[in-house]
Structures are given as structure tokens and as C-alpha cells.
Amino acid sequence: MRCDLLVKNALVFDGLSSGKSVDLAVTDGRVVSMSQNLAVDADRVIDARGKWIAPGFVDIHTHYDLEVELAPGLPESVRHGVTSVVMGGCSLSATFGEPSDLAHIFSRVETLPPELIAEWLKSAEPWNSPQAYFKHLNQLALGANVASMLGHSSLRVQVMGLERSLSVHATTDEINQMRALAEAALDAGCIGISIDMVHWHKVSGPFAGQPLPSHNASFEEYKMLADVCRRRDAVFQVTPNPQNPFSLFDIFRLSPGVWRAPLRCTILAALDMDSAPLFWRIYLVLLFICNRLLGCNIRFQTLSEPFTIFADGHLTPFFEEFAAGVKLNNCSNREERLALWKDPDFRKEFVHSWKSGFPRTFHRDLSRMTIVSAPDESLNGSTIAQSAHRAKQDPLQHFMDLLQNYDDQLRWVACNANMRVNVREKLMSMPHVLPGFSDAGAHSRNLAFFDSALSVIRQAATTGFMPIEKAIARVTSEPAAWFNLDAGRITVGGKADFSILDPDRLSSPIPEPVLHSDPTFDNAFRMVKRDPNPAIAHVFIRGKEVVRDGEPLKTLGAEKLGDILLQQNPTASEFEALERFRNRTTDRGIAAYPVLSRKQANATGLVESIERYWPVFLLKHQHPTNVAMHCFGFVLMYLIPALSLFSHNVWIMLFMPLSQLTGLIGHWLFEPSPIDQRDTVFSWRAFVSLHLMFYFVLIGRYQTQLLRVQSRSTLIQQT
């Protein structure tokens with residue numbers, strides 16, 4: 001046997017289990033063998049003794065829709081170990097729409113550099129169908145694998161035109177047109193739909209300052225898009241408005257799945273907000289109620305680092321939160337902004353606007369806003385408040401003077417969330433919160449979280465807040481499984497997308513972002529991460545090395561290595577989506593066995609139905625104490641009615657819920673596997689399976705049954 005690449009003596013984390021010391025062989029872009037002491041010839045051999053191999057990281061929230069056209073290798077993410085990205089978030093995608101309209105809705109929301117927009121517009125074209133868009137995307141020299149969502153704002157503009165999409169609700173006919181186009185986009189390759197409500201997001205151009213088209217939709221329009229996703233078990237991504245609690249309520253109205261398929265909903269973002277330091281505790285309770293009791297399938301996203309944002313004068317998402325800041329960002333040049341600052345009424349408006357508006361997502365604390373650079377170098381490193389104290393001015397008046405005098409030459413920075421290490425670690429550890437939200441490709445001069453996934457592993461290695469294998473799973477197999485993507489795993493026969501990490505270098509601090517002149521943006525500056533001691537030694541995509549010692553190689557972006565990622569397990573009906581959700585055996589979303597269509601299920605007899613469900617039941621009941629508590633609950637199920645009958649006391653029947661409660665407590669305390677609400681209340685499949693459990697425990701053969709199904713489940717997961 002001869003292979004293309006042999007990596008020897010590494011500790012391999014496959015994305016599911018703890019590390020194993022094995023050799024890894026790759027041929028034709030796929031892993032062909034993983035075992036100890038492989039005796040094979042190879043074109044290239046890497047001795048990775050003391051190193052770790054991890055699956056390529058999965059970045060679940062990027063805005064690469066335009067950048068991928070100009071730099072399809074996506075080097076700023078890939079250099080940090082990312083091999084799969086999800087784009088099309090926050091209601092913005094390039095699947096539909098006139099390029100000029102898309103430029104207006106992309107550029108300000110994501111503060112993309114004008115150089116990138118101008119370069120993209122030179123070759124951009126409106127796609128006559130989503131199939132044409134994906135055909136084009138598939139012809140690019142992709143580095144990372146790319147999954148794309150359909151952006152609701154782009155869809156709205158396609159159907160209603162830019163002006164109407166920004167001002168009115170869609171008509172019934174327009175909603176029907178959107179439904180048809182959304183279905184076509186999911187057929188073509190979109191993995192879901194993103195909508196947006198967050199108050200920071202505005203458009204540029206002739207309608208500068210107005211909220212994104214997605215904000216103007218009625219609840220009926222959101223519901224239509226959610227139903228399209230629900231039927232197909234596709235992802236529904238939402239950015240709610242933190243200043244409007246009802247926006248989050250609307251999302252939760254769409255999500256429950258007790259008697260229907262749940263909505264596979266991901267929400268941005270679960271953060272430890274400085275302006276609401278106790279609010280993070282709500283996420284755990286909220287997700288327990290929604291996912292455990294109401295049958296929802298919700299995943300919040302969180303950021304693995306402090307939410308630090310840089311600003312060039314007025315140019316920052318922070319200023320989109322208050323009216324006077326929006327006015328400044330509406331200006332097209334410095335002269336227009338200077339005219340505003342010279343107007344006493346505007347200065348009064350700025351003071352009023354700055355001090356008002358609750359709840360706030362930007363703390364607006366001038367003592368925590370630090371000047372990075374200014375024409376007056378003596379200001380560098382001072383907070384706005386310190387600079388005002390030296391100038392013997394009111395801090396806010398001083399800040400306005402600095403903005404008037406220096407405009408976008410005043411570069412400052414503030415951290416708005418995730419400063420507390422212990423709280424950040426708790427958020428990253430919550431089972432229904434996914435570390436993500438990197439925003440890679442957006443806000444090019446404001447932030448740089450390209451290494452968000454690597455930061456999770458770095459912090460786990462440094463503080464031990466999470467086992468390394470769990471940290472790796474959190475940014476590889478776990479998000480990939482929930483998003484239904486074929487990524488984030490290392491398996492024999494699977495695509496050879498992986499990184500080789502140097503664990504000794506993981507203990508170094510997370511590198512600070514720096515400004516970098518990027519040829520992609522016509523040498524405009526963007527913020528990036530550069531680690532002087534890179535923990536990423538190598539990155540391979542489809543078995544080809546694309547990064548070495550933290551530096552992208554010429555291969556990246558020169559030839560097509562990445563794939564378009566489609567939904568791995570699409571469904572043809574809501575019935576199938578519901579059955580998959582009911583049969584899942586872990587919160588990662590893996591179903592033990594393929595689900596049946598409604599027609600197949602109706603043709604299946606009760607005995608055959610129980611035979612199909614019994615392995616699923618076994619995989620949900622593996623912990624000995626949980627099994628014992630279910631057996632005790634089984635005894636109560638018959639003992640309580642018997643006592644009521646023999647004592648002629650009907651009130652004893654009030655204790656019947658103890659039977660179900662005993663089983664639920666067993667799950668909550670010892671085996672938090674997903675519990676289907678129908679099975680909890682009553683279903684024939686759960687009723688019969690509980691009897692089978694008690695029988696096999698009684699005769700001492702339950703473990704034999706479990707081992708048989710466990711081996712079968714492992715084979716299914718590997719394929």
C-alpha cells in the first residue's frame with residue numbers, strides 16, 4: 001500500500017472521542033487508514049510526535065459572501081485551522097439580488113471597505129436562479145468548504161425592490177413569491193435561511209440609515225420562512241433586537257416542537273453584556289425550558305473572546321445604536337460630518353442621544369474607551385475620560401471635540417462584553433450554546449475573531465475549564481452535526497480536512513488584533529490576528545497542505561480544494577423532520593437510525609415500529625442509575641393503580657405522575673439524553689420499550705442488548 005501523506009506518532013482527536021496515538025494515512029484527499037505503527041510507503045511523511053491532530057474547525061457565522069468572490073482561499077480563517085465556514089448570515093447573502101442593491105445592504109451592516117465593494121462590483125452579476133449562483137460558487141478555487149444560507153433581506157429586495165423592501169410589509173402575493181424562491185434556494189444548496197432584527201444594522205446609499213429590509217417584515221412573513229425551514233429541517237438563523245424583547249418572543253413562538261417538527265433555530269448571541277451583568281444567567285434557564293420542556297431545537301451562539309471593537313472616529317457599529325451616531329454614519333464625507341459638528345443643535349442632540357436609550361448594548365462609558373491613535377500622539381493610550389481630565393473638559397464634550405477635529409483619524413477601542421473569564425467559560429460550556437459568532441469577513445477595521453475556534457481550545461488547554469477532546473468537539477463535530485454538515489470529523493474514508501497543532505504553544509495568550517494592508521482590498525487596511533508562535537503547525541484541506549507554521553501557502557486559493565457543503569440529511573416532509581428529532585440520541589443531533597416517511601410509517605405495523613425504536617430507546621438509557629430509576633418508575637406505574645384499586649381510594653392515583661417524574665429525574669441527573677415530550681406523556685413505542693427494559697434487566701440481559709446496539713450505532717456514526 002502506498003499513500004500520498006503519512007502523519008506518524010500524533011495524538012489524533014477525531015471530533016467525538018478522546019485523543020488516540022495513531023498514524024494517519026491520506027490518499028486522493030481522503031483518510032484511508034488510522035492505526036498504530038502503519039507500515040506503508042508515502043510520498044510525504046510528517047513525524048508529528050508531541051503534536052495533536054484535530055478535525056478542521058467549523059466557523060458557523062461568517063460574512064464571506066463577497067470576499068469569497070475575490071479571495072476564495074479565505075486565508076485569514078484557514079490560517080487559524082478553519083476548514084469549513086457558514087456564510088449568508090444576518091439576512092445578507094448573494095444568492096439573489098442586483099449587485100448595486102446588495103452593495104447598499106452589505107457595505108454598512110458589515111462595514112466592508114469601499115475597495116472591496118468596488119472590486120466586487122466590477123465582476124458581480126445578478127443570478128437568474130439560485131442554481132446558477134451555486135454553479136458559479138462551485139467553480140471558484142475554494143480553500144475552505146463553504147455552506148451558505150439564504151439571506152432574507154436579499155430575498156426581500158429580489159421580490160419587492162430595494163425601496164419597498166425598506167418601508168412596507170409584503171403583500172400576500174409577494175410572500176408567496178418569497179416562499180417559492182426560498183424553496184428553490186434550499187433545493188439549490190442553501191442550508192437554511194437567515195433573518196435579522198438587530199437595531200445596529202442599517203443600509204447605505206440613497207436610503208442611508210434605514211433598517212435592513214428584513215426588519216420590515218411582518219410576523220406572517222417570518223413564520224412563512226420558518227415553516228419552510230421546519231419542513232426541511234433546515235437552519236433558521238436569527239439576530240433579534242436586544243432593545244425589543246418582543247422580537248425574541250416572536251422567535252420562541254415559532255420554535256416549539258411538542259406536536260410538530262421543531263424549528264432548527266440558531267440565535268445570536270449569548271454574551272456576558274457589561275450593560276447587563278446578570279443577564280447571562282437567563283440563557284441556561286431559557287434554553288432548559290425551551291429545549292427540554294417545549295421541544296425546541298434552539299442553539300445560541302457565543303463568542304470565545306472578549307467582545308472588543310475598534311473604531312475610526314464615528315465608523316463603528318456602536319454608533320448605529322443611537323440616533324445622532326446614525327446621522328454621522330449617514331454622511332458620505334468628512335465635510336458633511338464637520339457641518340453637523342458645527343451645528344449647536346446637533347451637538348445637543350448628540351449629548352441627549354448618547355445619554356438616552358435603554359437597554360443599551362454599548363456601555364458608552366468614556367472611562368473605558370481607549371484612544372489607540374490620533375494625530376496628537378500624546379493622546380495615545382489614554383481613555384477619553386483621562387484625556388478630558390487633562391484638557392479640563394467635560395468628558396462627553398471632549399469626545400465630541402475629538403471627533404470634530406480628527407474625524408476618522410481618531411482610532412479608539414472599547415470592550416462591550418465577555419470580559420469576565422469565568423462567565424465566558426460557562427457560556428462556552430453550556431450544551432445548547434455553540435462557540436461561534438466570529439463575524440469573519442465583516443467589520444474589517446473593527447474586529448478580528450478569525451481565530452475564535454482556536455481560542456476555545458487555547459483557553460481549555462490553559463485553564464482546564466473543559467477537557468481538550470470536548471473543546472475540540474465544540475468547534476468541529478458538534479456544530480457540524482447540528483448544522484447538518486459533512487464536516488468536523490476525522491474518519492476512515494472521510495475527507496482529509498485537519499490541522500496539526502502544537503500543544504506547547506496553546507498556552508500563549510490570544511494574540512491581539514493588528515492592522516494589515518491586504519492586497520484583496522486594494523491594499524486597504526483590515527484587522528487580522530498574527531501569532532508570533534503559531535499553535536497551528538499545518539492545515540490540510542482535501543489532503544493538501546495549505547498552511548504551514550501559521551502562514552498560508554500558495555496552494556490556498558490557487559486550486560479548488562473546498563466543497564460546497566449541503567444539508568447532510570435533508571427531509572422531504574415535516575413528518576420526517578419530526579421523526580428525526582424524536583429519535584435523536586444526543587443533543588448533537590445524531591439520529592440512531594434512518595427515519596421513515598409518513599407513507600412508510602403508516603405501512604409499518606406496531607411490532608415492526610417497536611423493533612425500529614428499541615435501539616433508539618437503548619441508546620437513550622445507558623447509565624446504570626438512570627436505568628434503575630426507570631425500572632423503579634415502571635414499578636410505580638403499576639403499584640400506584642394497584643394500591644388505589646385494593647384500598648378503594650381513588651386519590652392515590654394523584655401520585656401517578658411520580659412514575660414519569662422518576663424517569664425524568666434519572667435523565668436530568670445521570671444521563672441528559674434528549675427526551676421526547678410525546679414519549680414522556682404517553683406513546684406506544686415508549687410504553688412497550690419500558691416493558692422490554694424491565695424484562696431484560698430482570699433476566700440480566702439488558703447490557704447485552706445495549707452492547708449490540710452500541711456497536712451498530714458506532715458504525716452508523718462513522719459512515
# chains A, B, ... in the order shown; residues from 1 in each chain; ligands from 1
call {"tool": "residues_around", "arguments": {"residues": "range 439-446 of chain A", "least_positions_apart": "4", "cutoff": "7 Å", "atoms": "only C-alpha atoms", "output": "NGL selection string"}}
result
:A and (61-64 or 67 or 110-112 or 309-311 or 316 or 450 or 525-527)
call {"tool": "residues_around", "arguments": {"residues": "Leu116 in chain A", "least_positions_apart": "4", "cutoff": "9 Å", "atoms": "only C-alpha atoms", "output": "ChimeraX atom specification"}}
result
/A:66-67,70,112,120-121,520-522,524
call {"tool": "residues_around", "arguments": {"residues": "Gly97 in chain A", "least_positions_apart": "5", "cutoff": "10 Å", "atoms": "only C-alpha atoms", "output": "list in words"}}
result
Leu102, Ala103, Glu125, Pro126, Trp127, Asn128, Ser153, Ser154, Leu155, Arg156, Val157, Gln158, Val159, Gly161 and Leu162 of chain A
call {"tool": "select_by_dssp", "arguments": {"residues": "range 229-456 of chain A", "states": "helix (DSSP H, G or I)", "output": "PDB file with C-alpha atoms, in the first residue's frame"}}
result
ATOM      1  CA  CYS A 229     -37.062  25.610   7.245  1.00  0.00           C
ATOM      2  CA  ARG A 230     -39.122  23.486   9.629  1.00  0.00           C
ATOM      3  CA  ARG A 231     -40.435  21.235   6.876  1.00  0.00           C
ATOM      4  CA  ARG A 232     -36.926  20.609   5.576  1.00  0.00           C
ATOM      5  CA  PRO A 245     -37.884  41.927  23.883  1.00  0.00           C
ATOM      6  CA  PHE A 246     -40.885  41.077  21.718  1.00  0.00           C
ATOM      7  CA  SER A 247     -38.534  40.188  18.845  1.00  0.00           C
ATOM      8  CA  LEU A 248     -37.147  37.323  20.940  1.00  0.00           C
ATOM      9  CA  PHE A 249     -40.681  36.356  21.956  1.00  0.00           C
ATOM     10  CA  ASP A 250     -41.636  36.049  18.276  1.00  0.00           C
ATOM     11  CA  ILE A 251     -38.716  33.692  17.716  1.00  0.00           C
ATOM     12  CA  PHE A 252     -39.773  31.492  20.619  1.00  0.00           C
ATOM     13  CA  ARG A 253     -43.340  31.460  19.260  1.00  0.00           C
ATOM     14  CA  LEU A 254     -42.011  29.921  16.059  1.00  0.00           C
ATOM     15  CA  ARG A 281     -27.811  33.568  33.783  1.00  0.00           C
ATOM     16  CA  ILE A 282     -31.090  33.680  31.868  1.00  0.00           C
ATOM     17  CA  TYR A 283     -29.703  31.664  28.958  1.00  0.00           C
ATOM     18  CA  LEU A 284     -29.384  28.425  30.930  1.00  0.00           C
ATOM     19  CA  VAL A 285     -32.948  28.647  32.299  1.00  0.00           C
ATOM     20  CA  LEU A 286     -34.379  29.801  28.985  1.00  0.00           C
ATOM     21  CA  LEU A 287     -32.743  27.028  26.994  1.00  0.00           C
ATOM     22  CA  PHE A 288     -33.792  24.397  29.543  1.00  0.00           C
ATOM     23  CA  ILE A 289     -37.425  25.482  29.323  1.00  0.00           C
ATOM     24  CA  CYS A 290     -37.406  25.757  25.529  1.00  0.00           C
ATOM     25  CA  ASN A 291     -35.367  22.716  24.548  1.00  0.00           C
ATOM     26  CA  ARG A 292     -36.184  20.307  27.363  1.00  0.00           C
ATOM     27  CA  LEU A 293     -39.810  21.149  28.095  1.00  0.00           C
ATOM     28  CA  PRO A 317     -21.260  49.500  14.830  1.00  0.00           C
ATOM     29  CA  PHE A 318     -21.539  51.098  18.288  1.00  0.00           C
ATOM     30  CA  PHE A 319     -22.683  54.389  16.727  1.00  0.00           C
ATOM     31  CA  GLU A 320     -25.592  52.681  14.949  1.00  0.00           C
ATOM     32  CA  GLU A 321     -27.270  52.235  18.329  1.00  0.00           C
ATOM     33  CA  ALA A 323     -29.843  58.445  16.616  1.00  0.00           C
ATOM     34  CA  ALA A 324     -27.017  61.013  16.469  1.00  0.00           C
ATOM     35  CA  GLY A 325     -24.492  58.268  15.689  1.00  0.00           C
ATOM     36  CA  VAL A 326     -26.694  57.090  12.817  1.00  0.00           C
ATOM     37  CA  LYS A 327     -26.724  60.645  11.428  1.00  0.00           C
ATOM     38  CA  LEU A 328     -22.924  60.739  11.467  1.00  0.00           C
ATOM     39  CA  ASN A 329     -22.721  57.403   9.687  1.00  0.00           C
ATOM     40  CA  ASN A 330     -25.229  58.653   7.097  1.00  0.00           C
ATOM     41  CA  ARG A 334     -15.811  64.471   6.317  1.00  0.00           C
ATOM     42  CA  GLU A 335     -17.214  67.836   5.208  1.00  0.00           C
ATOM     43  CA  GLU A 336     -20.778  66.681   5.897  1.00  0.00           C
ATOM     44  CA  ARG A 337     -19.803  65.448   9.351  1.00  0.00           C
ATOM     45  CA  LEU A 338     -17.953  68.676  10.103  1.00  0.00           C
ATOM     46  CA  ALA A 339     -21.091  70.640   9.207  1.00  0.00           C
ATOM     47  CA  LEU A 340     -23.024  68.573  11.745  1.00  0.00           C
ATOM     48  CA  TRP A 341     -20.467  69.168  14.491  1.00  0.00           C
ATOM     49  CA  PRO A 344     -25.115  73.596  18.123  1.00  0.00           C
ATOM     50  CA  ASP A 345     -28.439  71.785  17.785  1.00  0.00           C
ATOM     51  CA  PHE A 346     -26.732  68.634  16.582  1.00  0.00           C
ATOM     52  CA  ARG A 347     -24.261  68.735  19.449  1.00  0.00           C
ATOM     53  CA  LYS A 348     -27.197  68.968  21.879  1.00  0.00           C
ATOM     54  CA  GLU A 349     -28.852  66.086  20.050  1.00  0.00           C
ATOM     55  CA  PHE A 350     -25.654  64.023  20.322  1.00  0.00           C
ATOM     56  CA  VAL A 351     -25.500  64.576  24.108  1.00  0.00           C
ATOM     57  CA  HIS A 352     -29.149  63.667  24.529  1.00  0.00           C
ATOM     58  CA  SER A 353     -28.879  60.675  22.208  1.00  0.00           C
ATOM     59  CA  TRP A 354     -25.668  59.424  23.855  1.00  0.00           C
ATOM     60  CA  LYS A 355     -27.193  59.514  27.329  1.00  0.00           C
ATOM     61  CA  LEU A 366     -15.897  57.165  28.344  1.00  0.00           C
ATOM     62  CA  SER A 367     -13.564  55.886  31.057  1.00  0.00           C
ATOM     63  CA  ARG A 368     -13.499  52.513  29.267  1.00  0.00           C
ATOM     64  CA  GLU A 377       0.245  61.336  19.717  1.00  0.00           C
ATOM     65  CA  SER A 378       0.139  62.453  23.351  1.00  0.00           C
ATOM     66  CA  LEU A 379      -3.428  61.123  23.460  1.00  0.00           C
ATOM     67  CA  ILE A 384     -11.404  59.517  26.647  1.00  0.00           C
ATOM     68  CA  ALA A 385     -12.115  60.395  30.289  1.00  0.00           C
ATOM     69  CA  GLN A 386      -8.395  60.743  31.118  1.00  0.00           C
ATOM     70  CA  SER A 387      -7.814  62.914  28.069  1.00  0.00           C
ATOM     71  CA  ALA A 388     -10.801  65.096  29.062  1.00  0.00           C
ATOM     72  CA  HIS A 389      -9.445  65.444  32.613  1.00  0.00           C
ATOM     73  CA  ARG A 390      -6.113  66.697  31.301  1.00  0.00           C
ATOM     74  CA  ALA A 391      -7.921  69.148  28.998  1.00  0.00           C
ATOM     75  CA  PRO A 395     -15.681  64.059  29.005  1.00  0.00           C
ATOM     76  CA  LEU A 396     -18.557  63.911  26.506  1.00  0.00           C
ATOM     77  CA  GLN A 397     -17.881  67.440  25.225  1.00  0.00           C
ATOM     78  CA  HIS A 398     -14.227  66.491  24.878  1.00  0.00           C
ATOM     79  CA  PHE A 399     -15.137  63.349  22.930  1.00  0.00           C
ATOM     80  CA  MET A 400     -17.260  65.410  20.544  1.00  0.00           C
ATOM     81  CA  ASP A 401     -14.384  67.853  20.052  1.00  0.00           C
ATOM     82  CA  LEU A 402     -12.029  64.984  19.244  1.00  0.00           C
ATOM     83  CA  LEU A 403     -14.485  63.606  16.697  1.00  0.00           C
ATOM     84  CA  GLN A 404     -14.922  67.060  15.170  1.00  0.00           C
ATOM     85  CA  ASN A 405     -11.200  67.759  14.956  1.00  0.00           C
ATOM     86  CA  TYR A 406      -9.869  64.348  13.949  1.00  0.00           C
ATOM     87  CA  ASP A 407     -12.884  62.557  12.410  1.00  0.00           C
ATOM     88  CA  ASP A 408     -11.873  59.033  11.321  1.00  0.00           C
ATOM     89  CA  GLN A 409      -8.224  59.671  12.234  1.00  0.00           C
ATOM     90  CA  VAL A 421     -13.258  34.841  32.197  1.00  0.00           C
ATOM     91  CA  ASN A 422     -15.361  32.604  34.456  1.00  0.00           C
ATOM     92  CA  VAL A 423     -18.643  33.672  32.832  1.00  0.00           C
ATOM     93  CA  ARG A 424     -17.204  33.342  29.329  1.00  0.00           C
ATOM     94  CA  GLU A 425     -16.117  29.792  30.143  1.00  0.00           C
ATOM     95  CA  LYS A 426     -19.584  28.945  31.443  1.00  0.00           C
ATOM     96  CA  LEU A 427     -21.183  30.241  28.250  1.00  0.00           C
ATOM     97  CA  MET A 428     -18.787  28.198  26.108  1.00  0.00           C
ATOM     98  CA  SER A 429     -19.622  25.121  28.211  1.00  0.00           C
ATOM     99  CA  SER A 452     -12.494  32.141  17.534  1.00  0.00           C
ATOM    100  CA  ALA A 453     -12.497  28.323  17.323  1.00  0.00           C
ATOM    101  CA  LEU A 454      -8.803  28.042  18.152  1.00  0.00           C
ATOM    102  CA  SER A 455      -9.369  30.349  21.135  1.00  0.00           C
ATOM    103  CA  VAL A 456     -11.785  27.820  22.657  1.00  0.00           C
TER     104      VAL A 456
END
call {"tool": "closest_residue", "arguments": {"among": "A:Val235, A:Leu166, A:Leu11, A:Val616", "to": "Ala48 in chain A", "atoms": "only C-alpha atoms"}}
result
A:Leu11
call {"tool": "atom_distance", "arguments": {"atom1": "CA of Met656 in chain A", "atom2": "CA of Tyr695 in chain A"}}
result
21.3 Å
call {"tool": "select_by_dssp", "arguments": {"residues": "range 297-340 of chain A", "states": "strand (DSSP E)", "output": "PyMOL selection string"}}
result
chain A and resi 297-302+308-312
call {"tool": "atom_distance", "arguments": {"atom1": "CA of Thr476 in chain A", "atom2": "CA of Asp563 in chain A"}}
result
16.5 Å
call {"tool": "closest_residue", "arguments": {"among": "A:Val688, A:Leu315, A:Ala642, A:Val78", "to": "Lys529 in chain A", "atoms": "only C-alpha atoms"}}
result
A:Val78
call {"tool": "closest_atom_pairs", "arguments": {"of": "range 487-602 of chain A", "to": "range 139-143 of chain A", "cutoff": "6 Å", "atoms": "only C-alpha atoms", "output": "tab-separated table"}}
result
residue	atom	partner	partner_atom	distance
A:Leu556	CA	A:Gly143	CA	5.7
A:Gly557	CA	A:Ala141	CA	5.3
A:Glu559	CA	A:Ala141	CA	4.9
A:Lys560	CA	A:Ala141	CA	3.9
A:Leu561	CA	A:Gly143	CA	5.4
A:Gly562	CA	A:Leu142	CA	4.9
call {"tool": "decode", "arguments": {"residues": "range 261-275 of chain A", "atoms": "N, CA and C atoms", "output": "short mmCIF file (atom, residue, chain, number, x, y, z; two decimals), in the first residue's frame"}}
result
data_model
loop_
_atom_site.label_atom_id
_atom_site.label_comp_id
_atom_site.auth_asym_id
_atom_site.auth_seq_id
_atom_site.Cartn_x
_atom_site.Cartn_y
_atom_site.Cartn_z
N ALA A 261 -42.73 19.27 14.04
CA ALA A 261 -41.27 19.32 13.95
C ALA A 261 -40.78 20.64 14.53
N PRO A 262 -39.76 20.60 15.37
CA PRO A 262 -39.23 21.86 15.93
C PRO A 262 -38.47 22.63 14.87
N LEU A 263 -38.33 23.90 15.09
CA LEU A 263 -37.54 24.75 14.21
C LEU A 263 -36.07 24.66 14.62
N ARG A 264 -35.22 24.30 13.67
CA ARG A 264 -33.78 24.22 13.94
C ARG A 264 -33.24 25.64 13.93
N CYS A 265 -33.31 26.29 15.09
CA CYS A 265 -33.11 27.74 15.19
C CYS A 265 -31.82 28.07 15.93
N THR A 266 -30.99 28.93 15.33
CA THR A 266 -29.78 29.42 15.99
C THR A 266 -29.89 30.93 16.16
N ILE A 267 -29.56 31.41 17.35
CA ILE A 267 -29.80 32.81 17.73
C ILE A 267 -28.48 33.46 18.13
N LEU A 268 -28.28 34.69 17.62
CA LEU A 268 -27.11 35.48 18.01
C LEU A 268 -27.53 36.57 18.98
N ALA A 269 -26.90 36.72 20.06
CA ALA A 269 -25.82 35.89 20.56
C ALA A 269 -25.93 35.88 22.08
N ALA A 270 -25.43 34.81 22.68
CA ALA A 270 -25.37 34.71 24.14
C ALA A 270 -24.05 35.29 24.61
N LEU A 271 -24.11 36.50 25.15
CA LEU A 271 -22.90 37.19 25.60
C LEU A 271 -23.06 37.65 27.04
N ASP A 272 -21.94 37.83 27.70
CA ASP A 272 -21.91 38.41 29.05
C ASP A 272 -21.81 39.92 28.88
N MET A 273 -22.98 40.58 28.81
CA MET A 273 -23.01 42.00 28.49
C MET A 273 -22.61 42.85 29.69
N ASP A 274 -21.70 43.81 29.46
CA ASP A 274 -21.29 44.72 30.53
C ASP A 274 -22.47 45.55 31.03
N SER A 275 -23.39 45.88 30.12
CA SER A 275 -24.51 46.72 30.49
C SER A 275 -25.59 45.95 31.25
#
